[in-house]
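Q: Below is the file data-v7.txt, which contains compact mmCIF, C-alpha atoms and all ligand atoms.
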```
# COMPACT_ATOMS: atom_id res chain seq x y z
CA MET X 1 -100.89 -43.76 6.81
CA GLN X 2 -102.13 -40.24 6.11
CA ARG X 3 -102.10 -38.88 2.54
CA ILE X 4 -101.42 -35.23 1.80
CA SER X 5 -104.24 -35.18 -0.75
CA ASN X 6 -106.94 -35.87 1.85
CA TYR X 7 -105.44 -34.58 5.11
CA ASP X 8 -107.33 -31.70 6.72
CA PHE X 9 -104.83 -28.84 7.15
CA THR X 10 -107.45 -26.32 8.34
CA GLY X 11 -106.01 -24.20 11.14
CA LYS X 12 -102.92 -26.43 11.40
CA ARG X 13 -99.22 -25.61 11.17
CA ALA X 14 -97.63 -28.11 8.77
CA LEU X 15 -93.95 -28.64 9.52
CA ILE X 16 -92.54 -29.51 6.11
CA ARG X 17 -89.06 -31.01 5.60
CA VAL X 18 -87.87 -29.96 2.14
CA ASP X 19 -84.56 -30.13 0.32
CA PHE X 20 -83.54 -26.53 -0.39
CA ASN X 21 -79.87 -27.41 -0.70
CA VAL X 22 -79.54 -25.38 -3.91
CA PRO X 23 -76.31 -24.38 -5.67
CA MET X 24 -75.33 -20.74 -5.24
CA ASN X 25 -72.59 -18.55 -6.75
CA GLU X 26 -70.23 -16.23 -4.84
CA ASN X 27 -72.80 -13.40 -5.05
CA PHE X 28 -75.36 -15.59 -3.26
CA GLU X 29 -77.42 -15.99 -6.41
CA ILE X 30 -79.17 -19.33 -6.80
CA THR X 31 -77.82 -20.93 -9.97
CA ASP X 32 -80.40 -23.74 -10.14
CA ASP X 33 -83.71 -23.46 -8.27
CA THR X 34 -85.12 -26.86 -9.33
CA ARG X 35 -85.25 -28.10 -5.74
CA ILE X 36 -87.24 -25.11 -4.52
CA ARG X 37 -89.68 -25.39 -7.43
CA ALA X 38 -90.07 -29.11 -6.74
CA ALA X 39 -91.34 -28.39 -3.21
CA LEU X 40 -93.94 -25.80 -4.24
CA PRO X 41 -96.92 -28.12 -4.91
CA THR X 42 -96.76 -29.48 -1.35
CA ILE X 43 -96.44 -26.05 0.25
CA LYS X 44 -99.23 -24.63 -1.93
CA LYS X 45 -101.52 -27.51 -1.02
CA VAL X 46 -101.09 -26.73 2.69
CA ILE X 47 -101.62 -22.97 2.47
CA GLU X 48 -104.45 -23.22 -0.04
CA SER X 49 -106.37 -25.58 2.21
CA GLY X 50 -106.42 -23.40 5.30
CA GLY X 51 -103.13 -24.31 6.94
CA SER X 52 -99.87 -22.48 7.55
CA ALA X 53 -96.47 -23.85 6.55
CA VAL X 54 -93.27 -24.05 8.57
CA ILE X 55 -90.47 -24.97 6.18
CA MET X 56 -87.25 -26.61 7.31
CA SER X 57 -84.18 -27.68 5.32
CA HIS X 58 -80.44 -28.04 5.41
CA PHE X 59 -78.31 -25.87 3.16
CA GLY X 60 -74.60 -26.43 2.43
CA ARG X 61 -72.23 -27.96 4.91
CA PRO X 62 -71.72 -25.64 7.86
CA LYS X 63 -68.86 -26.93 10.02
CA SER X 64 -69.92 -26.14 13.56
CA GLY X 65 -72.68 -23.72 14.36
CA PRO X 66 -74.14 -20.85 12.31
CA GLU X 67 -72.22 -19.47 9.30
CA ASP X 68 -73.65 -16.53 7.44
CA LYS X 69 -72.85 -17.97 4.00
CA PHE X 70 -75.12 -20.92 4.75
CA SER X 71 -77.97 -18.83 6.15
CA MET X 72 -81.44 -19.32 4.76
CA ARG X 73 -81.62 -15.54 4.43
CA HIS X 74 -79.96 -15.98 1.00
CA LEU X 75 -82.92 -18.08 -0.16
CA VAL X 76 -85.92 -16.40 1.38
CA GLY X 77 -86.36 -13.70 -1.32
CA HIS X 78 -86.32 -16.09 -4.25
CA PHE X 79 -88.48 -18.61 -2.40
CA SER X 80 -91.08 -15.87 -1.68
CA LYS X 81 -91.09 -14.87 -5.34
CA LEU X 82 -91.61 -18.43 -6.58
CA LEU X 83 -94.34 -19.13 -4.03
CA GLY X 84 -96.06 -15.78 -4.42
CA VAL X 85 -96.17 -15.35 -0.62
CA ASP X 86 -94.05 -13.09 1.56
CA VAL X 87 -92.20 -15.79 3.53
CA LYS X 88 -91.03 -14.90 7.06
CA LEU X 89 -87.58 -15.98 8.20
CA ALA X 90 -86.91 -17.41 11.67
CA PRO X 91 -83.61 -16.66 13.43
CA ASP X 92 -83.07 -20.35 14.26
CA CYS X 93 -84.87 -23.68 13.78
CA ILE X 94 -85.59 -24.32 17.49
CA GLY X 95 -86.13 -22.24 20.64
CA GLU X 96 -88.73 -20.03 22.27
CA GLU X 97 -88.63 -17.19 19.74
CA VAL X 98 -89.10 -19.59 16.83
CA LYS X 99 -91.90 -21.36 18.64
CA SER X 100 -93.79 -18.11 19.18
CA MET X 101 -93.28 -17.19 15.51
CA SER X 102 -94.72 -20.52 14.37
CA ASN X 103 -97.59 -20.24 16.87
CA ALA X 104 -98.46 -16.78 15.54
CA LEU X 105 -98.83 -17.97 11.93
CA LYS X 106 -102.23 -17.37 10.36
CA PRO X 107 -103.72 -19.62 7.65
CA GLY X 108 -101.88 -19.06 4.36
CA GLU X 109 -98.70 -17.78 6.02
CA VAL X 110 -95.28 -19.36 5.61
CA LEU X 111 -92.27 -19.39 7.94
CA LEU X 112 -88.82 -20.55 6.82
CA LEU X 113 -86.67 -21.93 9.65
CA GLU X 114 -82.93 -21.26 9.75
CA ASN X 115 -80.54 -23.98 8.48
CA LEU X 116 -81.05 -27.25 10.35
CA ARG X 117 -77.36 -28.08 10.12
CA PHE X 118 -76.40 -25.11 12.26
CA HIS X 119 -77.06 -27.69 14.99
CA SER X 120 -74.87 -30.80 14.90
CA GLU X 121 -77.76 -32.69 16.56
CA GLU X 122 -79.57 -32.71 13.21
CA THR X 123 -77.23 -35.15 11.45
CA LYS X 124 -76.72 -37.13 14.68
CA GLY X 125 -80.45 -37.83 14.73
CA ASP X 126 -80.72 -36.42 18.26
CA GLU X 127 -84.14 -37.09 19.77
CA GLU X 128 -84.23 -34.02 22.07
CA PHE X 129 -83.47 -31.80 19.08
CA ALA X 130 -86.16 -33.54 17.01
CA LYS X 131 -88.63 -32.90 19.84
CA LYS X 132 -87.80 -29.18 19.83
CA LEU X 133 -88.25 -29.04 16.05
CA ALA X 134 -91.58 -30.83 16.40
CA GLU X 135 -92.88 -28.02 18.64
CA ASN X 136 -93.16 -25.88 15.50
CA GLY X 137 -95.83 -28.00 13.82
CA ASP X 138 -99.14 -29.78 14.33
CA CYS X 139 -98.32 -32.27 11.60
CA TRP X 140 -95.12 -33.35 9.83
CA VAL X 141 -94.76 -33.62 6.06
CA ASN X 142 -91.62 -35.22 4.65
CA ASP X 143 -90.93 -33.99 1.11
CA ALA X 144 -87.14 -34.29 1.01
CA PHE X 145 -86.45 -37.44 -1.02
CA GLY X 146 -82.83 -36.34 -1.52
CA THR X 147 -82.17 -36.89 2.20
CA ALA X 148 -84.57 -39.80 2.74
CA HIS X 149 -81.61 -42.18 3.05
CA ARG X 150 -80.42 -40.34 6.17
CA ALA X 151 -81.73 -41.04 9.68
CA HIS X 152 -81.45 -37.39 10.69
CA ALA X 153 -83.56 -35.60 13.31
CA SER X 154 -85.78 -33.77 10.79
CA THR X 155 -85.97 -36.55 8.19
CA ALA X 156 -86.80 -39.56 10.36
CA VAL X 157 -86.45 -39.26 14.16
CA ILE X 158 -89.08 -36.49 14.34
CA ALA X 159 -91.76 -38.93 13.12
CA LYS X 160 -92.34 -40.28 16.62
CA PHE X 161 -93.74 -36.91 17.72
CA PHE X 162 -96.47 -37.09 15.08
CA PRO X 163 -97.80 -40.65 15.41
CA ASN X 164 -101.06 -39.87 13.62
CA ASP X 165 -100.18 -36.72 11.70
CA LYS X 166 -97.27 -37.60 9.41
CA MET X 167 -97.27 -37.97 5.66
CA PHE X 168 -95.23 -37.70 2.47
CA GLY X 169 -95.29 -34.53 0.41
CA TYR X 170 -96.15 -34.76 -3.28
CA LEU X 171 -92.51 -34.97 -4.36
CA ILE X 172 -91.60 -38.01 -2.25
CA GLU X 173 -94.96 -39.56 -3.04
CA SER X 174 -94.31 -39.43 -6.79
CA GLU X 175 -90.68 -40.59 -6.41
CA VAL X 176 -91.76 -43.61 -4.37
CA GLU X 177 -94.69 -44.43 -6.66
CA SER X 178 -92.46 -44.23 -9.74
CA LEU X 179 -89.70 -46.33 -8.21
CA ASP X 180 -92.21 -48.93 -7.08
CA LYS X 181 -93.56 -49.15 -10.64
CA VAL X 182 -90.07 -50.31 -11.58
CA ILE X 183 -88.96 -52.33 -8.57
CA LYS X 184 -92.18 -53.77 -7.12
CA ASN X 185 -94.71 -54.26 -9.88
CA PRO X 186 -93.22 -53.61 -13.32
CA SER X 187 -94.96 -54.42 -16.57
CA ARG X 188 -92.75 -56.97 -18.23
CA PRO X 189 -90.28 -57.25 -19.70
CA LEU X 190 -88.31 -55.08 -17.28
CA THR X 191 -85.04 -53.79 -18.70
CA ALA X 192 -82.35 -52.01 -16.70
CA ILE X 193 -79.57 -50.15 -18.45
CA MET X 194 -76.65 -49.62 -16.14
CA GLY X 195 -73.80 -47.55 -17.48
CA GLY X 196 -71.17 -45.25 -16.12
CA ALA X 197 -67.51 -45.66 -15.41
CA LYS X 198 -67.04 -48.43 -12.87
CA VAL X 199 -68.43 -51.77 -11.75
CA SER X 200 -67.34 -51.06 -8.18
CA SER X 201 -69.76 -48.15 -7.69
CA LYS X 202 -72.76 -50.06 -9.13
CA ILE X 203 -72.19 -53.58 -7.89
CA THR X 204 -74.79 -53.59 -5.08
CA ILE X 205 -77.46 -52.22 -7.41
CA ILE X 206 -76.59 -54.73 -10.13
CA GLU X 207 -76.81 -57.60 -7.63
CA ASN X 208 -80.19 -56.39 -6.38
CA LEU X 209 -81.51 -55.90 -9.92
CA LEU X 210 -80.56 -59.44 -10.94
CA ASP X 211 -83.46 -60.62 -8.77
CA LYS X 212 -85.92 -58.39 -10.60
CA VAL X 213 -85.07 -57.66 -14.23
CA ASP X 214 -85.66 -59.65 -17.41
CA ASN X 215 -82.95 -57.82 -19.36
CA LEU X 216 -79.84 -56.15 -18.01
CA ILE X 217 -77.80 -53.98 -20.34
CA LEU X 218 -74.38 -53.26 -18.86
CA GLY X 219 -72.58 -50.49 -20.73
CA GLY X 220 -69.94 -47.79 -20.48
CA GLY X 221 -66.62 -48.31 -18.75
CA MET X 222 -67.93 -51.40 -16.90
CA THR X 223 -67.84 -53.36 -20.16
CA TYR X 224 -64.08 -53.78 -20.08
CA THR X 225 -63.89 -55.40 -16.67
CA PHE X 226 -66.27 -58.09 -18.01
CA VAL X 227 -64.34 -58.42 -21.28
CA LYS X 228 -61.03 -58.87 -19.44
CA ALA X 229 -62.62 -61.35 -17.02
CA ASN X 230 -63.46 -63.46 -20.07
CA GLY X 231 -59.89 -63.32 -21.40
CA GLY X 232 -60.40 -60.48 -23.92
CA LYS X 233 -57.92 -57.70 -24.74
CA VAL X 234 -59.04 -54.27 -23.50
CA GLY X 235 -55.97 -52.14 -24.41
CA GLY X 236 -55.98 -48.97 -22.32
CA SER X 237 -59.73 -49.06 -21.55
CA ILE X 238 -60.90 -48.35 -18.03
CA CYS X 239 -60.83 -51.69 -16.20
CA GLU X 240 -61.00 -52.74 -12.56
CA ASP X 241 -58.67 -55.70 -12.09
CA ASP X 242 -59.93 -56.21 -8.52
CA TYR X 243 -63.41 -56.87 -9.89
CA LEU X 244 -62.72 -59.60 -12.46
CA GLU X 245 -64.09 -62.27 -10.12
CA THR X 246 -67.12 -60.08 -9.34
CA ALA X 247 -67.81 -59.72 -13.07
CA LYS X 248 -67.66 -63.51 -13.59
CA ASN X 249 -69.99 -63.97 -10.64
CA ILE X 250 -72.55 -61.49 -12.03
CA GLU X 251 -72.56 -63.44 -15.30
CA LYS X 252 -73.05 -66.69 -13.42
CA ILE X 253 -75.95 -65.37 -11.32
CA ALA X 254 -77.58 -63.82 -14.39
CA ALA X 255 -77.43 -67.19 -16.16
CA GLU X 256 -78.85 -69.00 -13.11
CA LYS X 257 -81.72 -66.55 -12.78
CA GLY X 258 -82.48 -66.48 -16.50
CA VAL X 259 -81.62 -62.78 -16.84
CA ASN X 260 -80.74 -61.76 -20.38
CA LEU X 261 -77.39 -59.99 -19.89
CA ILE X 262 -76.44 -57.74 -22.78
CA MET X 263 -73.07 -56.08 -23.22
CA ALA X 264 -71.23 -54.34 -26.03
CA THR X 265 -69.68 -56.69 -28.59
CA ASP X 266 -68.17 -53.89 -30.68
CA VAL X 267 -66.93 -50.52 -29.44
CA VAL X 268 -65.68 -47.15 -30.62
CA ALA X 269 -62.04 -47.15 -29.57
CA ALA X 270 -59.96 -43.97 -29.34
CA ASP X 271 -56.21 -43.36 -29.32
CA ALA X 272 -56.62 -40.82 -26.49
CA PHE X 273 -59.21 -39.79 -23.90
CA SER X 274 -59.99 -36.62 -25.82
CA PRO X 275 -62.91 -35.11 -27.79
CA ASP X 276 -60.92 -35.15 -31.04
CA ALA X 277 -59.05 -38.43 -30.69
CA ASN X 278 -58.69 -40.74 -33.70
CA THR X 279 -61.23 -43.54 -33.58
CA GLN X 280 -61.90 -47.01 -34.93
CA ILE X 281 -64.75 -49.48 -34.56
CA ILE X 282 -63.41 -52.71 -33.22
CA ARG X 283 -64.45 -55.91 -31.40
CA ALA X 284 -64.82 -55.25 -27.67
CA ASP X 285 -62.36 -58.07 -26.86
CA ALA X 286 -59.64 -57.13 -29.35
CA ILE X 287 -58.62 -53.59 -28.42
CA PRO X 288 -54.94 -52.99 -29.19
CA ASP X 289 -52.55 -51.34 -26.72
CA GLY X 290 -52.65 -47.57 -27.05
CA TRP X 291 -56.42 -47.63 -27.70
CA GLU X 292 -59.34 -47.44 -25.28
CA GLY X 293 -63.05 -48.13 -25.69
CA LEU X 294 -65.10 -44.98 -25.15
CA ASP X 295 -68.50 -45.80 -26.67
CA ALA X 296 -70.66 -48.70 -27.82
CA GLY X 297 -70.27 -49.64 -31.50
CA PRO X 298 -73.08 -49.89 -34.11
CA GLU X 299 -73.74 -53.62 -33.66
CA SER X 300 -74.06 -53.18 -29.88
CA ILE X 301 -76.30 -50.13 -30.27
CA ALA X 302 -78.65 -52.11 -32.53
CA LYS X 303 -78.88 -54.87 -29.88
CA PHE X 304 -79.50 -52.36 -27.07
CA LYS X 305 -82.23 -50.64 -29.10
CA GLU X 306 -84.07 -53.83 -29.92
CA VAL X 307 -84.23 -54.89 -26.27
CA ILE X 308 -85.24 -51.43 -25.03
CA GLU X 309 -87.94 -50.88 -27.64
CA ASN X 310 -89.60 -54.17 -26.71
CA SER X 311 -89.67 -53.49 -22.97
CA GLY X 312 -92.66 -52.77 -20.74
CA THR X 313 -90.60 -51.01 -18.06
CA ILE X 314 -87.19 -49.38 -18.37
CA LEU X 315 -84.74 -48.12 -15.77
CA TRP X 316 -81.72 -46.13 -16.96
CA ASN X 317 -78.80 -45.29 -14.72
CA GLY X 318 -75.53 -44.16 -16.27
CA PRO X 319 -74.38 -43.36 -19.83
CA VAL X 320 -73.05 -46.13 -22.10
CA GLY X 321 -70.13 -44.04 -23.30
CA VAL X 322 -68.22 -40.84 -22.63
CA PHE X 323 -71.26 -38.77 -23.60
CA GLU X 324 -69.58 -35.50 -22.59
CA PHE X 325 -67.56 -35.75 -25.87
CA ASP X 326 -69.85 -35.61 -28.94
CA LYS X 327 -67.81 -38.26 -30.76
CA PHE X 328 -68.54 -40.77 -28.00
CA ALA X 329 -72.13 -39.76 -27.23
CA VAL X 330 -73.71 -41.80 -30.05
CA GLY X 331 -74.46 -44.87 -27.91
CA SER X 332 -76.00 -42.91 -25.02
CA LYS X 333 -78.05 -40.83 -27.43
CA ALA X 334 -79.34 -43.98 -29.13
CA VAL X 335 -80.28 -45.47 -25.76
CA GLY X 336 -82.21 -42.28 -24.93
CA GLU X 337 -83.99 -42.38 -28.31
CA ALA X 338 -84.96 -46.01 -27.83
CA ILE X 339 -86.33 -45.23 -24.35
CA VAL X 340 -88.41 -42.36 -25.76
CA ALA X 341 -89.72 -44.67 -28.52
CA ALA X 342 -90.65 -47.39 -26.01
CA THR X 343 -92.34 -44.82 -23.75
CA LYS X 344 -94.42 -43.62 -26.71
CA LYS X 345 -95.58 -47.21 -27.22
CA GLY X 346 -96.74 -47.36 -23.57
CA ALA X 347 -93.69 -48.46 -21.57
CA PHE X 348 -92.96 -46.85 -18.19
CA SER X 349 -89.45 -45.36 -18.15
CA LEU X 350 -87.50 -44.01 -15.22
CA VAL X 351 -84.18 -42.22 -15.58
CA GLY X 352 -82.17 -41.59 -12.46
CA GLY X 353 -78.70 -40.86 -11.18
CA GLY X 354 -76.78 -37.67 -11.90
CA ASP X 355 -75.10 -38.52 -15.20
CA SER X 356 -78.01 -40.14 -17.00
CA VAL X 357 -80.16 -37.15 -16.08
CA ALA X 358 -77.47 -34.84 -17.49
CA CYS X 359 -77.45 -37.00 -20.61
CA VAL X 360 -81.24 -36.88 -21.02
CA ASN X 361 -81.16 -33.10 -20.61
CA LYS X 362 -78.23 -32.68 -23.03
CA PHE X 363 -80.14 -34.44 -25.81
CA GLY X 364 -83.54 -32.97 -24.95
CA PHE X 365 -85.23 -36.29 -24.09
CA ALA X 366 -86.67 -35.12 -20.76
CA GLY X 367 -90.21 -34.71 -22.12
CA GLY X 368 -90.19 -38.20 -23.65
CA VAL X 369 -89.53 -40.30 -20.56
CA SER X 370 -92.08 -41.14 -17.85
CA TYR X 371 -90.14 -40.00 -14.79
CA ILE X 372 -86.80 -38.38 -14.02
CA SER X 373 -85.47 -38.82 -10.52
CA THR X 374 -82.93 -36.28 -9.34
CA ALA X 375 -82.39 -37.85 -5.95
CA GLY X 376 -78.80 -39.18 -6.24
CA GLY X 377 -77.79 -41.10 -3.11
CA ALA X 378 -81.34 -41.83 -1.95
CA LEU X 379 -82.29 -43.24 -5.36
CA LEU X 380 -79.22 -45.46 -5.49
CA GLU X 381 -79.89 -46.82 -2.00
CA TYR X 382 -83.51 -47.52 -2.96
CA LEU X 383 -82.33 -49.44 -6.02
CA GLU X 384 -79.86 -51.34 -3.84
CA GLY X 385 -82.90 -52.64 -1.98
CA LYS X 386 -82.21 -50.76 1.25
CA THR X 387 -84.92 -49.37 3.51
CA LEU X 388 -84.72 -45.58 3.54
CA PRO X 389 -85.18 -44.15 7.07
CA GLY X 390 -87.11 -41.10 5.79
CA ILE X 391 -89.63 -43.36 4.06
CA ALA X 392 -89.86 -45.99 6.78
CA ALA X 393 -90.49 -43.25 9.39
CA VAL X 394 -93.55 -41.93 7.55
CA ARG X 395 -94.92 -45.40 6.85
CA GLY X 396 -94.36 -46.37 10.51
CA GLU X 397 -92.19 -49.36 9.54
P1 LIG B 1 -71.11 -42.84 -13.22
O1 LIG B 1 -70.99 -41.60 -12.37
O2 LIG B 1 -70.49 -44.06 -12.63
O3 LIG B 1 -72.52 -43.06 -13.73
O4 LIG B 1 -70.19 -42.56 -14.48
C1 LIG B 1 -70.51 -41.63 -15.45
C2 LIG B 1 -69.28 -41.35 -16.25
O5 LIG B 1 -68.84 -42.53 -16.88
C3 LIG B 1 -69.47 -40.33 -17.34
O6 LIG B 1 -68.77 -39.17 -17.00
C4 LIG B 1 -68.90 -41.02 -18.58
O7 LIG B 1 -68.05 -40.17 -19.32
C5 LIG B 1 -68.09 -42.15 -18.00
N1 LIG B 1 -67.91 -43.25 -18.95
C6 LIG B 1 -68.85 -43.89 -19.65
N2 LIG B 1 -68.27 -44.79 -20.48
C7 LIG B 1 -66.95 -44.72 -20.30
C8 LIG B 1 -65.83 -45.39 -20.88
N3 LIG B 1 -65.98 -46.34 -21.80
N4 LIG B 1 -64.61 -45.06 -20.45
C9 LIG B 1 -64.45 -44.11 -19.51
N5 LIG B 1 -65.45 -43.44 -18.92
C10 LIG B 1 -66.70 -43.75 -19.30
```
Will you turn the file into structure tokens for me?

A:
Amino acid sequence: MQRISNYDFTGKRALIRVDFNVPMNENFEITDDTRIRAALPTIKKVIESGGSAVIMSHFGRPKSGPEDKFSMRHLVGHFSKLLGVDVKLAPDCIGEEVKSMSNALKPGEVLLLENLRFHSEETKGDEEFAKKLAENGDCWVNDAFGTAHRAHASTAVIAKFFPNDKMFGYLIESEVESLDKVIKNPSRPLTAIMGGAKVSSKITIIENLLDKVDNLILGGGMTYTFVKANGGKVGGSICEDDYLETAKNIEKIAAEKGVNLIMATDVVAADAFSPDANTQIIRADAIPDGWEGLDAGPESIAKFKEVIENSGTILWNGPVGVFEFDKFAVGSKAVGEAIVAATKKGAFSLVGGGDSVACVNKFGFAGGVSYISTAGGALLEYLEGKTLPGIAAVRGE
């Protein structure tokens, strides 16, 4: 497999799949340009080593065919400014005119193709369409981890047209390396903290992690499905009655595999789902009617901290309470602090999944963890143990 760091881009057009699906307001102003910034190291590497770059991405969800509001023309100015290069814009992503524009590129020049999803063949993974896209490059660089779980034309199918000239960009490379440090060769003990609202949305990941982790902290709304499954009283707490058997089964498998399963034993219960509800600290299995558990209690937090601070590798996905309300953010904040402390002592920590990233940012822990993944669906599928088409295509699997 080729590596971007030692590939010779001299005189070549690198066709780079990025994720420029950025949020935009009604005045077409980009409200968060993180995704564009994240792609810059790869693009700079290409143009600074004698190549030219042809950039392709999807943007928004056009229904059928071109729609001005989803045109890349709204991005090209800001992208040029960030890159420090006057980026040219193509009228489409395939076709003769685009091909001659890409062929005319000189070293150091950059061409942005029009939205891939203006063609329905992109998401269908159409091979003819992938072939036409491929005509715009001499090598293919996949740097869109956010869409790596999709077998689309530009993210996976296109690979066959570059049998010897395909590689990951820096962003995917660091995502994959970081995830592998957790999933494939962690320093032990490996602790996963899974939080969030529901068991149902995390069950496949939890099952996959049971094969790998030493400690599994299950927190947040999931707690109450486990408590009820064991005959406890959960009051009005969030609880999935259809998953009581699943919860019992997870406990059984954890015991069989020697995984140390840790859950809240005391909770902060509230008399309403509200930022200024009345609260009481109470046993997790004795919550009266009219009350609901919204955060981990002090005894549970102490247990979580001890396990986290003594870990060699830590994966955090999902808050352990309703962190959006300050009153119920104490547990999630403590988890973040413990992760930062463990990282300082040499542990590798990875935070991923929308809400835990929001949590880390809210409390200013971003600089204290080893890696933050912003990939969403692709990250979750990786943790579920699935093969991601965009990764397999580059590796030739
Ligand atoms: P998820 O998207 O599954 O990671 O869920 C994240 C959401 O779970 C956050 O918005 C939290 O407010 C919510 N959450 C965490 N703990 C609880 C709880 N005990 N009860 C209700 N919602 C919770």

Q: Counting all atoms listed in the file, which residue out of X:Ser57, X:Ser201, X:Ser120, X:Ser154 sits closest to ligand LIG 1 (chain B)?

A: X:Ser201

Q: Chain X near ligand LIG 1 (chain B) within 10 Å: what's each residue's closest atom pair and its distance in Å to one decimal, counting all atoms listed in the file, ordered by chain then ascending residue number, as a Markdown table?

A:
```
| residue | atom | partner | partner_atom | distance |
| --- | --- | --- | --- | --- |
| X:Met194 | CA | B:LIG1 | O3 | 8.1 |
| X:Gly195 | CA | B:LIG1 | O3 | 6.0 |
| X:Gly196 | CA | B:LIG1 | O4 | 3.3 |
| X:Ala197 | CA | B:LIG1 | O5 | 3.7 |
| X:Lys198 | CA | B:LIG1 | O2 | 5.6 |
| X:Val199 | CA | B:LIG1 | O2 | 8.0 |
| X:Ser200 | CA | B:LIG1 | O2 | 8.9 |
| X:Ser201 | CA | B:LIG1 | O2 | 6.5 |
| X:Lys202 | CA | B:LIG1 | O2 | 7.3 |
| X:Gly219 | CA | B:LIG1 | N2 | 7.2 |
| X:Gly220 | CA | B:LIG1 | N2 | 3.4 |
| X:Gly221 | CA | B:LIG1 | N3 | 3.7 |
| X:Met222 | CA | B:LIG1 | N3 | 7.3 |
| X:Thr223 | CA | B:LIG1 | N3 | 7.4 |
| X:Tyr224 | CA | B:LIG1 | N3 | 7.9 |
| X:Gly236 | CA | B:LIG1 | N4 | 9.7 |
| X:Ser237 | CA | B:LIG1 | N4 | 6.4 |
| X:Ile238 | CA | B:LIG1 | N4 | 5.5 |
| X:Cys239 | CA | B:LIG1 | N4 | 8.7 |
| X:Val267 | CA | B:LIG1 | N3 | 8.8 |
| X:Val268 | CA | B:LIG1 | N3 | 8.9 |
| X:Ala269 | CA | B:LIG1 | N3 | 8.7 |
| X:Ala270 | CA | B:LIG1 | N3 | 9.9 |
| X:Phe273 | CA | B:LIG1 | C9 | 8.1 |
| X:Glu292 | CA | B:LIG1 | N4 | 7.5 |
| X:Gly293 | CA | B:LIG1 | N3 | 5.2 |
| X:Leu294 | CA | B:LIG1 | N3 | 3.7 |
| X:Asp295 | CA | B:LIG1 | N3 | 5.5 |
| X:Ala296 | CA | B:LIG1 | N3 | 8.0 |
| X:Asn317 | CA | B:LIG1 | O3 | 6.7 |
| X:Gly318 | CA | B:LIG1 | O3 | 4.1 |
| X:Pro319 | CA | B:LIG1 | C6 | 5.6 |
| X:Val320 | CA | B:LIG1 | N2 | 5.2 |
| X:Gly321 | CA | B:LIG1 | N2 | 3.5 |
| X:Val322 | CA | B:LIG1 | O7 | 3.4 |
| X:Phe323 | CA | B:LIG1 | O7 | 5.5 |
| X:Glu324 | CA | B:LIG1 | O7 | 5.9 |
| X:Phe325 | CA | B:LIG1 | O7 | 7.9 |
| X:Phe328 | CA | B:LIG1 | N2 | 8.5 |
| X:Ala329 | CA | B:LIG1 | O7 | 8.9 |
| X:Gly331 | CA | B:LIG1 | N2 | 9.7 |
| X:Ser332 | CA | B:LIG1 | C6 | 9.0 |
| X:Gly352 | CA | B:LIG1 | O3 | 9.8 |
| X:Gly353 | CA | B:LIG1 | O3 | 7.0 |
| X:Gly354 | CA | B:LIG1 | O1 | 7.0 |
| X:Asp355 | CA | B:LIG1 | O3 | 5.4 |
| X:Ser356 | CA | B:LIG1 | O3 | 7.0 |
| X:Val357 | CA | B:LIG1 | O3 | 9.9 |
| X:Ala358 | CA | B:LIG1 | C3 | 9.7 |
| X:Cys359 | CA | B:LIG1 | C3 | 9.2 |
```

Q: When you count all atoms listed in the file, which of these residues is closest to His149 in chain X: X:Pro91, X:Gly169, X:Gly385, X:Gly77?

A: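 Counting all atoms listed in the file, the residue closest to His149 in chain X is X:Gly385.
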
Q: Between X:Ala130, X:Ala148, X:Ala342, X:Val157, which is the closest to Glu175 in chain X once you count only C-alpha atoms?

A: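 Smallest distance to Glu175 in chain X is found for X:Ala148.
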
Q: If we count all atoms listed in the file and set the cut-off at 8 Å, which residues sit around range 102-111 of chain X, ignoring sequence neighbours fewer than 5 positions away in its own chain? Please answer as a count of residues only.

A: 21

Q: For Cys139 in chain X, which residue among X:Tyr7, X:Phe20, X:Phe59, X:Phe118 is the nearest when counting only C-alpha atoms?

A: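 Ranking X:Tyr7, X:Phe20, X:Phe59, X:Phe118 by distance to Cys139 in chain X, first place goes to X:Tyr7.
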
Q: Which residue is closest to Glu121 in chain X? Choose from X:Ser64, X:Trp140, X:Tyr170, X:Phe363 and count all atoms listed in the file.

A: X:Ser64

Q: Using all atoms listed in the file, pick whichever of X:Lys362, X:Lys166, X:Ala334, X:Leu116 has the shortest atom-to-atom distance to Asp8 in chain X.

A: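 Selected residue with least distance to Asp8 in chain X: X:Lys166.
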
Q: Kindly extract all protein, DNA and RNA residues lying within 8 Å of the coordinates (-97.3, -37.4, 6.4) given in the file, considering only C-alpha atoms, and supply them as number ranges by chain.

A: X: 1-4, 139-142, 165-169, 394

Q: Could you tell me how far CA of Lys303 in chain X sits from CA of Leu218 in chain X, in Å to one decimal place?

A: 12.0 Å

Q: If we draw a sphere of 10 Å around (-87.4, -24.6, -3.2), which residues have at least one atom in it when counting only C-alpha atoms? Please report them as an NGL selection string.

A: :X and (18-22 or 32-40 or 43 or 55 or 57 or 75-76 or 78-80 or 82-83)

Q: Take every atom of range 342-355 of chain X listed in the file, pad by 5 Å on each side, and give me the axis-aligned box centre and edge lengths in Å, one decimal, as lines of an AutoDock Vina configuration file.

A:
```
center_x = -85.9
center_y = -43.1
center_z = -19.2
size_x = 31.6
size_y = 20.8
size_z = 26.0
```

Q: Just how far from CA of Leu379 in chain X is CA of Phe162 in chain X, in Å to one decimal?

A: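 According to the coordinates, CA of Phe162 in chain X and CA of Leu379 in chain X are separated by 25.6 Å.
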